[in-house]
Amino acid sequence: MTTTLPSPAVLGARAFAALAGLNRFSDEPGKLTRLYLSPSHRQGAEYVKGAMEVAGLTAFIDAAGSVQGRREGASPGLPAVMIGSHIDTVRDGGRFDGNLGVVAGILAAQAIRDAGITLPFALEVIAFGDEETVRFPTSLSTSAALTGRYDQGWLTARDADGVVLRDALTAFGGDPAGIAALARKPGSVKAYLEVHIEQGPVLEAENEAVGIVTAIAAQGRAGVRVTGEAGHAGTVPMKLRKDALAAAAEMALALEAIAHEHERAVGTVGVFRPDPGATNVVPGAVDFTIDFRAPEGATVAGMDAEIHRRFAEIAARRGVSLTITPYSRGDAVPMDEGLQEAFATGIARTGSNLTARRLPSGAGHDAMEMAKLCPAAMLFVRCEKGISHSPLENMTELDAGIAIRVLIETILELARREG
Ligand code: GLV
Ligand code: MN
Ligand code: MN
């Protein structure tokens, strides 16, 4: 059945060519920045739609801005196996984060079609658009549209320039009123599979090309606003100041300390915006974000409580006011055991030199949200030096090809299980 499938070397070359095509589209020249609903997101989505059509999928850009492609199975309307990831990026991000998984799905669908294989399920590929949560304070909103958990309040969220998500979505060509109808019926998606660069150093250290994700870490995110009193940097005596930035800085260090206090926990302040932000003005207000994660949900819940307690103590001592607006709080998400086994079979069929190494994910993924709808699983691909969310993110062409061949073999294993 599998003798006509392309080799990992061929699949890797195809993947790198497709990634080069997709990654031409960026909001910033010389960098890869593709924010949700930006003009380059639209261009990238059109490119992905075209590539899906070449692969024999019927494709469209949906109301929330995701690209959806589908090829029917042995008969029309069967439940689908869905392969997905995202095409939005962080600012000045890497070439593979998200993009690889989308390209992998398209190339797998193409190879299965070219091999003349009819599947006992529909095959869908999806390119989500809002995984990074960089532009708006949402939480995996485009995959939440499919799971029926889209928070309509997100439509009124604003980006840093004050643009409202609803308006950005309309300008993109999406349809705010059509989002509710994107929700999939339970049972209509049999499985969700996502290929993703590891974004960490484990596979490289262990000389493994791919690994199977066991669970995705629990995480919390919030926006914090500290309001003090703006004043003249030369005239307001230190004792009379209500410096919002000094208070916010102390909170950032408190978050770092809280993360250190819990095993395998992490805490990050990634955005920090003083207002008005001038050399000779005592900052009157600061907006910043907090992101905190740990393997267990209970640890994240404990960190959340501790953050509230210590931030409030700092605010009271310094005479500033504090607002913490949660964006998201999610428990750890275990990946489906049966699909992990299917990936293990796919790995074994791809090469006797490969092993089914299992590892957890510290990063968040659309698979976390899709697991609310259907069994979900992820395959990680070796990442050079573990670097990600950086233009230095890298992997080899062959590893990309191995991952796509494993994905194909895994889809065929799921087909066999139907038999
Ligand atoms: C997504 O990249 C995340 O923040 O984990
Ligand atoms: Mn990602
Ligand atoms: Mn990312």
# chains A, B, ... in the order shown; residues from 1 in each chain; ligands from 1
>>> residues_near_ligand(ligand="ligand 1", cutoff="8 Å", atoms="only C-alpha atoms and all ligand atoms", output="number ranges by chain")
A: 90, 97, 131-133, 362-365, 389
>>> residues_around(residues="segment 280-283 of chain A", least_positions_apart="4", cutoff="10 Å", atoms="only C-alpha atoms", output="MDAnalysis selection string")
chainID A and resid 227:236 241:246 273:276
>>> write_last_selection(atoms="C-alpha atoms", output="CSV table (one decimal), in the first residue's frame")
chain,number,residue,atom,x,y,z
A,227,THR,CA,-1.8,53.2,37.5
A,228,GLY,CA,0.2,55.7,39.5
A,229,GLU,CA,0.7,59.4,39.1
A,230,ALA,CA,2.6,61.0,36.2
A,231,GLY,CA,4.9,63.9,37.2
A,232,HIS,CA,7.9,65.9,36.3
A,233,ALA,CA,11.1,63.8,36.5
A,234,GLY,CA,13.1,66.7,37.9
A,235,THR,CA,10.7,68.1,40.4
A,236,VAL,CA,8.7,65.4,42.2
A,241,ARG,CA,6.1,59.6,43.8
A,242,LYS,CA,3.6,57.0,42.7
A,243,ASP,CA,5.8,55.7,39.9
A,244,ALA,CA,3.8,53.1,38.0
A,245,LEU,CA,6.8,51.7,36.2
A,246,ALA,CA,8.8,51.1,39.4
A,273,ARG,CA,4.4,49.6,27.9
A,274,PRO,CA,4.9,52.7,30.1
A,275,ASP,CA,2.6,55.6,29.6
A,276,PRO,CA,3.5,58.3,28.5
>>> residues_near_ligand(ligand="ligand 2", cutoff="12 Å", atoms="only C-alpha atoms and all ligand atoms", output="tab-separated table (two decimals) with N, CA, C and O atoms, in the first residue's frame")
chain	number	residue	atom	x	y	z
A	84	GLY	N	-3.76	19.89	11.27
A	84	GLY	CA	-3.74	21.35	11.34
A	84	GLY	C	-2.56	21.93	12.09
A	84	GLY	O	-1.80	21.21	12.75
A	85	SER	N	-2.41	23.21	11.92
A	85	SER	CA	-1.52	24.04	12.72
A	85	SER	C	-1.83	25.49	12.32
A	85	SER	O	-2.91	25.74	11.79
A	86	HIS	N	-0.90	26.41	12.55
A	86	HIS	CA	-1.25	27.84	12.35
A	86	HIS	C	-0.25	28.54	11.44
A	86	HIS	O	0.92	28.12	11.34
A	87	ILE	N	-0.71	29.64	10.81
A	87	ILE	CA	0.19	30.41	9.94
A	87	ILE	C	0.42	31.82	10.48
A	87	ILE	O	1.07	32.62	9.81
A	88	ASP	N	-0.14	32.16	11.65
A	88	ASP	CA	0.28	33.43	12.27
A	88	ASP	C	1.62	33.19	12.96
A	88	ASP	O	1.97	32.04	13.27
A	89	THR	N	2.37	34.25	13.17
A	89	THR	CA	3.68	34.12	13.82
A	89	THR	C	3.82	35.18	14.91
A	89	THR	O	3.06	36.14	14.94
A	90	VAL	N	4.83	35.00	15.75
A	90	VAL	CA	5.21	36.10	16.65
A	90	VAL	C	5.94	37.16	15.81
A	90	VAL	O	6.24	36.92	14.64
A	93	GLY	N	9.54	36.14	14.01
A	93	GLY	CA	9.52	34.75	14.44
A	93	GLY	C	10.32	33.84	13.53
A	93	GLY	O	11.06	34.28	12.64
A	94	GLY	N	10.16	32.51	13.78
A	94	GLY	CA	10.85	31.50	12.99
A	94	GLY	C	10.02	31.03	11.82
A	94	GLY	O	8.81	31.26	11.77
A	95	ARG	N	10.66	30.30	10.90
A	95	ARG	CA	10.00	29.89	9.67
A	95	ARG	C	9.08	28.68	9.86
A	95	ARG	O	8.24	28.40	9.01
A	96	PHE	N	9.30	27.93	10.96
A	96	PHE	CA	8.67	26.61	11.05
A	96	PHE	C	7.50	26.55	12.04
A	96	PHE	O	6.61	25.72	11.88
A	97	ASP	N	7.53	27.40	13.07
A	97	ASP	CA	6.50	27.39	14.12
A	97	ASP	C	5.12	27.56	13.48
A	97	ASP	O	4.80	28.64	12.98
A	98	GLY	N	4.34	26.50	13.47
A	98	GLY	CA	3.00	26.55	12.87
A	98	GLY	C	3.03	26.25	11.38
A	98	GLY	O	2.38	25.31	10.92
A	99	ASN	N	3.81	27.01	10.64
A	99	ASN	CA	3.83	26.85	9.18
A	99	ASN	C	4.17	25.42	8.76
A	99	ASN	O	3.61	24.90	7.81
A	100	LEU	N	5.11	24.80	9.48
A	100	LEU	CA	5.51	23.44	9.11
A	100	LEU	C	4.31	22.49	9.18
A	100	LEU	O	4.10	21.67	8.29
A	101	GLY	N	3.50	22.62	10.24
A	101	GLY	CA	2.38	21.70	10.42
A	101	GLY	C	1.33	21.84	9.34
A	101	GLY	O	0.71	20.85	8.92
A	102	VAL	N	1.14	23.08	8.87
A	102	VAL	CA	0.16	23.31	7.80
A	102	VAL	C	0.68	22.69	6.50
A	102	VAL	O	-0.03	21.95	5.80
A	127	ALA	N	-5.45	25.60	8.41
A	127	ALA	CA	-4.41	26.57	8.78
A	127	ALA	C	-5.07	27.61	9.68
A	127	ALA	O	-5.75	28.52	9.21
A	128	PHE	N	-4.88	27.44	11.00
A	128	PHE	CA	-5.45	28.40	11.94
A	128	PHE	C	-4.69	29.72	11.85
A	128	PHE	O	-3.55	29.77	11.34
A	129	GLY	N	-5.31	30.81	12.36
A	129	GLY	CA	-4.69	32.13	12.20
A	129	GLY	C	-4.39	32.87	13.49
A	129	GLY	O	-3.80	33.95	13.45
A	130	ASP	N	-4.81	32.31	14.64
A	130	ASP	CA	-4.65	33.07	15.88
A	130	ASP	C	-4.14	32.16	17.00
A	130	ASP	O	-4.79	32.00	18.02
A	131	GLU	N	-2.97	31.56	16.75
A	131	GLU	CA	-2.39	30.70	17.79
A	131	GLU	C	-1.47	31.48	18.70
A	131	GLU	O	-1.35	31.19	19.88
A	132	GLU	N	-0.80	32.50	18.17
A	132	GLU	CA	0.25	33.15	18.94
A	132	GLU	C	-0.28	34.18	19.95
A	132	GLU	O	0.43	34.56	20.87
A	133	THR	N	-1.51	34.65	19.74
A	133	THR	CA	-2.09	35.62	20.67
A	133	THR	C	-1.18	36.85	20.83
A	133	THR	O	-1.01	37.37	21.93
A	134	VAL	N	-0.59	37.26	19.73
A	134	VAL	CA	0.32	38.40	19.78
A	134	VAL	C	-0.45	39.71	19.58
A	134	VAL	O	-0.19	40.69	20.24
A	140	LEU	N	-6.37	31.21	21.43
A	140	LEU	CA	-6.61	30.19	20.39
A	140	LEU	C	-7.98	30.39	19.75
A	140	LEU	O	-8.76	29.45	19.61
A	194	GLU	N	-1.41	17.17	14.76
A	194	GLU	CA	-0.63	18.39	14.49
A	194	GLU	C	0.86	18.05	14.53
A	194	GLU	O	1.36	17.48	15.51
A	195	VAL	N	1.55	18.43	13.47
A	195	VAL	CA	3.01	18.32	13.42
A	195	VAL	C	3.56	19.69	13.77
A	195	VAL	O	3.07	20.71	13.25
A	196	HIS	N	4.58	19.76	14.64
A	196	HIS	CA	5.09	21.07	15.07
A	196	HIS	C	6.56	20.96	15.42
A	196	HIS	O	7.00	19.93	15.95
A	197	ILE	N	7.32	22.01	15.13
A	197	ILE	CA	8.71	22.03	15.59
A	197	ILE	C	8.71	21.98	17.12
A	197	ILE	O	7.85	22.59	17.77
A	198	GLU	N	9.68	21.25	17.70
A	198	GLU	CA	9.65	21.03	19.16
A	198	GLU	C	9.75	22.34	19.94
A	198	GLU	O	9.15	22.47	21.00
A	199	GLN	N	10.51	23.28	19.47
A	199	GLN	CA	10.72	24.56	20.18
A	199	GLN	C	11.48	24.37	21.49
A	199	GLN	O	11.41	25.23	22.37
A	361	SER	N	4.89	18.95	26.12
A	361	SER	CA	5.08	20.25	25.45
A	361	SER	C	4.92	21.38	26.46
A	361	SER	O	3.88	21.47	27.13
A	362	GLY	N	5.93	22.24	26.54
A	362	GLY	CA	5.80	23.43	27.38
A	362	GLY	C	5.08	24.54	26.64
A	362	GLY	O	4.47	25.42	27.25
A	363	ALA	N	5.14	24.52	25.31
A	363	ALA	CA	4.47	25.54	24.49
A	363	ALA	C	3.00	25.19	24.32
A	363	ALA	O	2.62	24.03	24.41
A	364	GLY	N	2.20	26.21	24.04
A	364	GLY	CA	0.78	25.99	23.77
A	364	GLY	C	0.56	25.74	22.28
A	364	GLY	O	1.37	26.16	21.45
A	365	HIS	N	-0.53	25.06	21.94
A	365	HIS	CA	-0.81	24.72	20.54
A	365	HIS	C	-2.31	24.66	20.31
A	365	HIS	O	-3.08	24.44	21.24
A	366	ASP	N	-2.71	24.77	19.04
A	366	ASP	CA	-4.13	24.63	18.71
A	366	ASP	C	-4.66	23.26	19.13
A	366	ASP	O	-5.86	23.11	19.38
A	367	ALA	N	-3.78	22.25	19.22
A	367	ALA	CA	-4.21	20.91	19.64
A	367	ALA	C	-4.86	20.94	21.04
A	367	ALA	O	-5.72	20.12	21.34
A	368	MET	N	-4.45	21.91	21.87
A	368	MET	CA	-5.06	22.03	23.22
A	368	MET	C	-6.55	22.31	23.09
A	368	MET	O	-7.37	21.80	23.84
A	378	MET	N	-0.06	15.16	18.89
A	378	MET	CA	0.96	15.97	18.21
A	378	MET	C	2.25	15.20	18.01
A	378	MET	O	2.66	14.41	18.85
A	380	PHE	N	6.26	16.06	17.41
A	380	PHE	CA	7.28	17.10	17.44
A	380	PHE	C	8.43	16.73	16.51
A	380	PHE	O	8.76	15.55	16.34
A	388	SER	N	13.40	28.82	19.38
A	388	SER	CA	12.15	29.11	18.67
A	388	SER	C	11.66	30.50	19.07
A	388	SER	O	12.24	31.13	19.95
A	389	HIS	N	10.61	30.97	18.42
A	389	HIS	CA	10.15	32.36	18.58
A	389	HIS	C	11.33	33.31	18.31
A	389	HIS	O	11.54	34.30	19.00
A	393	GLU	N	15.32	30.13	14.57
A	393	GLU	CA	14.66	28.81	14.60
A	393	GLU	C	15.06	28.02	13.35
A	393	GLU	O	14.99	28.54	12.24
>>> residues_around(residues="segment 167-174 of chain A", least_positions_apart="5", cutoff="6 Å", atoms="only C-alpha atoms", output="list in words")
Leu37, Ala63, Ala64 and Gly65 of chain A
>>> residues_around(residues="segment 206-220 of chain A", least_positions_apart="5", cutoff="6 Å", atoms="only C-alpha atoms", output="compact mmCIF listing (two decimals) with all heavy atoms, in the first residue's frame")
# COMPACT_ATOMS: atom_id res chain seq x y z
N ASP A 291 2.58 35.70 31.59
CA ASP A 291 2.36 34.36 31.01
C ASP A 291 3.05 33.41 31.96
O ASP A 291 4.23 33.58 32.26
CB ASP A 291 3.01 34.36 29.61
CG ASP A 291 2.92 33.02 28.90
OD1 ASP A 291 3.30 32.00 29.51
OD2 ASP A 291 2.53 32.99 27.72
N PHE A 292 2.30 32.46 32.52
CA PHE A 292 2.91 31.54 33.49
C PHE A 292 2.41 30.12 33.22
O PHE A 292 1.24 29.91 32.91
CB PHE A 292 2.64 31.98 34.94
CG PHE A 292 1.22 32.37 35.23
CD1 PHE A 292 0.39 31.51 35.96
CD2 PHE A 292 0.69 33.58 34.80
CE1 PHE A 292 -0.93 31.85 36.23
CE2 PHE A 292 -0.65 33.92 35.06
CZ PHE A 292 -1.44 33.06 35.77
N ARG A 293 3.32 29.17 33.30
CA ARG A 293 2.99 27.80 32.88
C ARG A 293 3.67 26.77 33.79
O ARG A 293 4.70 27.07 34.39
CB ARG A 293 3.47 27.56 31.46
CG ARG A 293 3.08 28.66 30.51
CD ARG A 293 3.46 28.34 29.08
NE ARG A 293 3.33 29.51 28.23
CZ ARG A 293 3.24 29.48 26.92
NH1 ARG A 293 3.27 28.33 26.29
NH2 ARG A 293 3.13 30.59 26.23
N ALA A 294 3.09 25.58 33.82
CA ALA A 294 3.66 24.47 34.59
C ALA A 294 3.03 23.18 34.08
O ALA A 294 1.94 23.23 33.49
CB ALA A 294 3.39 24.64 36.08
N PRO A 295 3.68 22.04 34.32
CA PRO A 295 3.10 20.79 33.81
C PRO A 295 1.72 20.48 34.41
O PRO A 295 0.89 19.87 33.76
CB PRO A 295 4.12 19.72 34.21
CG PRO A 295 5.40 20.46 34.37
CD PRO A 295 5.02 21.83 34.86
N GLU A 296 1.48 20.89 35.67
CA GLU A 296 0.19 20.56 36.30
C GLU A 296 -0.68 21.80 36.50
O GLU A 296 -0.20 22.85 36.92
CB GLU A 296 0.39 19.91 37.68
CG GLU A 296 0.88 18.48 37.62
CD GLU A 296 2.39 18.42 37.56
OE1 GLU A 296 3.02 19.34 38.10
OE2 GLU A 296 2.92 17.48 36.94
N GLY A 297 -1.98 21.61 36.25
CA GLY A 297 -2.95 22.69 36.41
C GLY A 297 -2.97 23.24 37.83
O GLY A 297 -3.13 24.45 38.04
N SER A 328 -6.57 34.08 29.63
CA SER A 328 -6.87 32.65 29.55
C SER A 328 -6.24 31.94 30.74
O SER A 328 -5.26 32.39 31.30
CB SER A 328 -6.29 32.06 28.26
OG SER A 328 -4.89 32.11 28.27
N ARG A 329 -6.86 30.83 31.14
CA ARG A 329 -6.28 29.93 32.15
C ARG A 329 -6.67 28.53 31.73
O ARG A 329 -7.84 28.21 31.64
CB ARG A 329 -6.90 30.23 33.50
CG ARG A 329 -6.00 30.66 34.61
CD ARG A 329 -5.09 29.76 35.35
NE ARG A 329 -5.68 28.65 36.07
CZ ARG A 329 -6.39 28.78 37.17
NH1 ARG A 329 -6.65 29.96 37.70
NH2 ARG A 329 -6.87 27.71 37.75
N GLY A 330 -5.71 27.73 31.39
CA GLY A 330 -6.04 26.39 30.91
C GLY A 330 -5.29 25.34 31.68
O GLY A 330 -4.12 25.53 32.02
N ASP A 331 -5.97 24.22 31.94
CA ASP A 331 -5.34 23.07 32.58
C ASP A 331 -4.39 22.39 31.60
O ASP A 331 -4.47 22.62 30.40
CB ASP A 331 -6.43 22.06 32.96
CG ASP A 331 -6.69 22.10 34.45
OD1 ASP A 331 -5.90 22.76 35.16
OD2 ASP A 331 -7.67 21.47 34.89
N ALA A 332 -3.55 21.52 32.12
CA ALA A 332 -2.73 20.69 31.23
C ALA A 332 -3.67 19.85 30.36
O ALA A 332 -4.75 19.46 30.80
CB ALA A 332 -1.83 19.79 32.06
N VAL A 333 -3.27 19.62 29.12
CA VAL A 333 -4.13 18.86 28.20
C VAL A 333 -3.39 17.59 27.77
O VAL A 333 -2.41 17.66 27.01
CB VAL A 333 -4.48 19.70 26.95
CG1 VAL A 333 -5.38 18.90 26.01
CG2 VAL A 333 -5.14 21.01 27.35
N PRO A 334 -3.84 16.42 28.26
CA PRO A 334 -3.19 15.18 27.81
C PRO A 334 -3.55 14.89 26.36
O PRO A 334 -4.67 15.17 25.93
CB PRO A 334 -3.78 14.11 28.74
CG PRO A 334 -4.96 14.72 29.39
CD PRO A 334 -4.93 16.20 29.20
N MET A 335 -2.61 14.35 25.62
CA MET A 335 -2.89 13.96 24.25
C MET A 335 -3.50 12.55 24.24
O MET A 335 -3.22 11.74 25.12
CB MET A 335 -1.62 14.02 23.41
CG MET A 335 -1.02 15.42 23.27
SD MET A 335 -1.95 16.51 22.14
CE MET A 335 -3.05 17.40 23.24
N ALA A 356 10.06 5.92 19.07
CA ALA A 356 8.88 6.69 19.44
C ALA A 356 9.12 7.36 20.79
O ALA A 356 8.53 7.00 21.80
CB ALA A 356 7.66 5.78 19.48
N ARG A 357 10.03 8.33 20.82
CA ARG A 357 10.34 9.07 22.04
C ARG A 357 9.11 9.88 22.45
O ARG A 357 8.49 10.56 21.63
CB ARG A 357 11.53 10.00 21.76
CG ARG A 357 11.83 11.04 22.82
CD ARG A 357 12.44 10.38 24.07
NE ARG A 357 13.09 11.33 24.95
CZ ARG A 357 12.51 11.96 25.98
NH1 ARG A 357 11.24 11.80 26.24
NH2 ARG A 357 13.23 12.76 26.75
N ARG A 358 8.72 9.82 23.71
CA ARG A 358 7.56 10.62 24.18
C ARG A 358 8.07 11.79 25.00
O ARG A 358 9.03 11.65 25.77
CB ARG A 358 6.64 9.77 25.05
CG ARG A 358 6.36 8.39 24.50
CD ARG A 358 4.99 8.25 23.97
NE ARG A 358 4.87 6.96 23.28
CZ ARG A 358 3.73 6.39 22.99
NH1 ARG A 358 2.60 6.99 23.31
NH2 ARG A 358 3.69 5.25 22.36
N LEU A 359 7.42 12.93 24.86
CA LEU A 359 7.85 14.11 25.62
C LEU A 359 6.68 15.08 25.79
O LEU A 359 5.78 15.13 24.95
CB LEU A 359 9.04 14.81 24.95
CG LEU A 359 8.85 15.59 23.64
CD1 LEU A 359 10.12 16.36 23.32
CD2 LEU A 359 8.50 14.70 22.49
N PRO A 360 6.67 15.84 26.89
CA PRO A 360 5.60 16.83 27.07
C PRO A 360 5.91 18.11 26.31
O PRO A 360 7.05 18.35 25.92
CB PRO A 360 5.64 17.10 28.58
CG PRO A 360 7.05 16.83 28.97
CD PRO A 360 7.60 15.79 28.02
N SER A 361 4.89 18.95 26.12
CA SER A 361 5.08 20.25 25.45
C SER A 361 4.92 21.38 26.46
O SER A 361 3.88 21.47 27.13
CB SER A 361 4.04 20.43 24.34
OG SER A 361 4.12 21.75 23.84
N GLY A 362 5.93 22.24 26.54
CA GLY A 362 5.80 23.43 27.38
C GLY A 362 5.08 24.54 26.64
O GLY A 362 4.47 25.42 27.25
N MET A 378 -0.06 15.16 18.89
CA MET A 378 0.96 15.97 18.21
C MET A 378 2.25 15.20 18.01
O MET A 378 2.66 14.41 18.85
CB MET A 378 1.29 17.22 19.04
CG MET A 378 0.15 18.20 19.15
SD MET A 378 0.70 19.76 19.89
CE MET A 378 1.68 20.45 18.56
N LEU A 379 2.91 15.52 16.90
CA LEU A 379 4.22 14.98 16.60
C LEU A 379 5.21 16.15 16.59
O LEU A 379 5.02 17.12 15.86
CB LEU A 379 4.21 14.31 15.21
CG LEU A 379 5.51 13.63 14.80
CD1 LEU A 379 5.67 12.30 15.56
CD2 LEU A 379 5.55 13.39 13.29
N PHE A 380 6.26 16.06 17.41
CA PHE A 380 7.28 17.10 17.44
C PHE A 380 8.43 16.73 16.51
O PHE A 380 8.76 15.55 16.34
CB PHE A 380 7.82 17.26 18.87
CG PHE A 380 7.06 18.28 19.70
CD1 PHE A 380 7.39 18.44 21.05
CD2 PHE A 380 6.06 19.06 19.17
CE1 PHE A 380 6.71 19.37 21.84
CE2 PHE A 380 5.38 20.00 19.95
CZ PHE A 380 5.71 20.14 21.29
N VAL A 381 9.06 17.77 15.96
CA VAL A 381 10.20 17.59 15.06
C VAL A 381 11.41 18.29 15.67
O VAL A 381 11.28 19.41 16.20
CB VAL A 381 9.90 18.18 13.66
CG1 VAL A 381 10.98 17.75 12.67
CG2 VAL A 381 8.53 17.78 13.18
N ARG A 382 12.56 17.65 15.57
CA ARG A 382 13.80 18.17 16.16
C ARG A 382 14.06 19.62 15.74
O ARG A 382 13.90 19.98 14.58
CB ARG A 382 14.95 17.27 15.71
CG ARG A 382 16.34 17.75 16.05
CD ARG A 382 17.36 16.64 15.92
NE ARG A 382 17.25 15.89 14.67
CZ ARG A 382 17.85 14.71 14.45
NH1 ARG A 382 18.60 14.15 15.40
NH2 ARG A 382 17.70 14.07 13.30
N ASP A 399 14.63 16.11 8.40
CA ASP A 399 13.74 15.92 9.57
C ASP A 399 12.31 16.31 9.21
O ASP A 399 11.34 15.65 9.63
CB ASP A 399 14.22 16.74 10.76
CG ASP A 399 15.41 16.09 11.49
OD1 ASP A 399 15.78 14.96 11.13
OD2 ASP A 399 15.95 16.74 12.41
>>> closest_residue(among="A:Ile179, A:Ile404, A:Ile61, A:Val224", to="Gly44 of chain A", atoms="only C-alpha atoms")
A:Ile61
>>> residues_around(residues="Arg184 of chain A", least_positions_apart="2", cutoff="9 Å", atoms="only C-alpha atoms", output="list in words")
Ala145, Leu146, Thr147, Gly148, Ala181, Leu182, Pro186, Gly187, Ser188, Val189 and Leu373 of chain A
>>> write_last_selection(atoms="N, CA, C and O atoms", output="PDB file, in the first residue's frame")
ATOM      1  N   ALA A 145     -13.229  28.618  17.395  1.00  0.00           N
ATOM      2  CA  ALA A 145     -14.389  28.752  16.496  1.00  0.00           C
ATOM      3  C   ALA A 145     -14.873  27.366  16.065  1.00  0.00           C
ATOM      4  O   ALA A 145     -16.077  27.120  15.957  1.00  0.00           O
ATOM      5  N   LEU A 146     -13.943  26.431  15.861  1.00  0.00           N
ATOM      6  CA  LEU A 146     -14.334  25.073  15.439  1.00  0.00           C
ATOM      7  C   LEU A 146     -14.905  24.256  16.588  1.00  0.00           C
ATOM      8  O   LEU A 146     -15.776  23.418  16.405  1.00  0.00           O
ATOM      9  N   THR A 147     -14.355  24.480  17.797  1.00  0.00           N
ATOM     10  CA  THR A 147     -14.823  23.661  18.933  1.00  0.00           C
ATOM     11  C   THR A 147     -16.132  24.211  19.517  1.00  0.00           C
ATOM     12  O   THR A 147     -16.681  23.630  20.446  1.00  0.00           O
ATOM     13  N   GLY A 148     -16.581  25.361  19.002  1.00  0.00           N
ATOM     14  CA  GLY A 148     -17.823  25.942  19.512  1.00  0.00           C
ATOM     15  C   GLY A 148     -17.610  26.697  20.804  1.00  0.00           C
ATOM     16  O   GLY A 148     -18.558  26.981  21.538  1.00  0.00           O
ATOM     17  N   ALA A 181     -21.334  29.666  13.319  1.00  0.00           N
ATOM     18  CA  ALA A 181     -21.687  28.541  12.436  1.00  0.00           C
ATOM     19  C   ALA A 181     -20.476  27.673  12.081  1.00  0.00           C
ATOM     20  O   ALA A 181     -20.632  26.610  11.465  1.00  0.00           O
ATOM     21  N   LEU A 182     -19.270  28.099  12.475  1.00  0.00           N
ATOM     22  CA  LEU A 182     -18.081  27.281  12.185  1.00  0.00           C
ATOM     23  C   LEU A 182     -17.958  26.091  13.138  1.00  0.00           C
ATOM     24  O   LEU A 182     -17.194  25.167  12.882  1.00  0.00           O
ATOM     25  N   PRO A 186     -20.163  17.416  17.385  1.00  0.00           N
ATOM     26  CA  PRO A 186     -19.412  16.317  18.002  1.00  0.00           C
ATOM     27  C   PRO A 186     -19.507  15.077  17.106  1.00  0.00           C
ATOM     28  O   PRO A 186     -20.567  14.781  16.571  1.00  0.00           O
ATOM     29  N   GLY A 187     -18.393  14.404  16.907  1.00  0.00           N
ATOM     30  CA  GLY A 187     -18.394  13.194  16.069  1.00  0.00           C
ATOM     31  C   GLY A 187     -18.045  13.460  14.614  1.00  0.00           C
ATOM     32  O   GLY A 187     -17.707  12.548  13.869  1.00  0.00           O
ATOM     33  N   SER A 188     -18.130  14.728  14.192  1.00  0.00           N
ATOM     34  CA  SER A 188     -17.842  15.018  12.772  1.00  0.00           C
ATOM     35  C   SER A 188     -16.331  15.064  12.510  1.00  0.00           C
ATOM     36  O   SER A 188     -15.900  14.983  11.368  1.00  0.00           O
ATOM     37  N   VAL A 189     -15.543  15.228  13.585  1.00  0.00           N
ATOM     38  CA  VAL A 189     -14.085  15.145  13.445  1.00  0.00           C
ATOM     39  C   VAL A 189     -13.631  13.962  14.308  1.00  0.00           C
ATOM     40  O   VAL A 189     -13.836  13.947  15.521  1.00  0.00           O
ATOM     41  N   LEU A 373     -12.808  19.015  21.321  1.00  0.00           N
ATOM     42  CA  LEU A 373     -13.791  18.559  20.334  1.00  0.00           C
ATOM     43  C   LEU A 373     -13.638  17.081  19.999  1.00  0.00           C
ATOM     44  O   LEU A 373     -14.628  16.377  19.782  1.00  0.00           O
TER      45      LEU A 373
END
>>> select_by_dssp(residues="segment 126-332 of chain A", states="helix (DSSP H, G or I)", output="ChimeraX atom specification")
/A:141-147,152-156,165-172,176-178,180-182,202-205,238-240,244-261,297-318
>>> select_by_dssp(residues="segment 69-314 of chain A", states="strand (DSSP E or B)", output="JSON, numbers by chain")
{"A": [69, 70, 71, 80, 81, 82, 83, 84, 85, 86, 122, 123, 124, 125, 126, 127, 128, 158, 164, 189, 190, 191, 192, 193, 194, 195, 196, 197, 210, 211, 212, 213, 214, 215, 216, 218, 219, 220, 221, 222, 223, 224, 225, 226, 227, 229, 231, 232, 242, 266, 267, 268, 272, 273, 274, 275, 281, 282, 285, 286, 287, 288, 289, 290, 291, 292, 293, 294]}
>>> residues_around(residues="segment 308-325 of chain A", least_positions_apart="6", cutoff="10 Å", atoms="only C-alpha atoms", output="PyMOL selection string")
chain A and resi 137+221-229+241-244+246-248+250-252+254-255+258+284-290
>>> closest_residue(among="A:Leu193, A:Leu11, A:Ile347, A:Leu35", to="ligand 3", atoms="only C-alpha atoms and all ligand atoms")
A:Leu35
>>> closest_residue(among="A:Leu155, A:Gly77, A:Gly105, A:Asp92", to="ligand 3", atoms="only C-alpha atoms and all ligand atoms")
A:Asp92
>>> closest_residue(among="A:Gln152, A:Ala9, A:Lys31, A:Ala371", to="Thr350 of chain A", atoms="only C-alpha atoms")
A:Ala9
>>> closest_residue(among="A:Ser352, A:Asp159, A:Arg91, A:Ile411", to="ligand 3", atoms="only C-alpha atoms and all ligand atoms")
A:Arg91
>>> atom_distance(atom1="atom CA of Gly346 of chain A", atom2="atom CA of Glu409 of chain A")
4.6 Å
>>> residues_around(residues="Ala80 of chain A", least_positions_apart="6", cutoff="9 Å", atoms="only C-alpha atoms", output="PyMOL selection string")
chain A and resi 70+72-73+121-124+187-192
>>> atom_distance(atom1="atom CA of Ala18 of chain A", atom2="atom CA of Ile83 of chain A")
16.6 Å
>>> closest_residue(among="A:Ala301, A:Val163, A:Gly277, A:Pro120", to="Gly419 of chain A", atoms="only C-alpha atoms")
A:Pro120
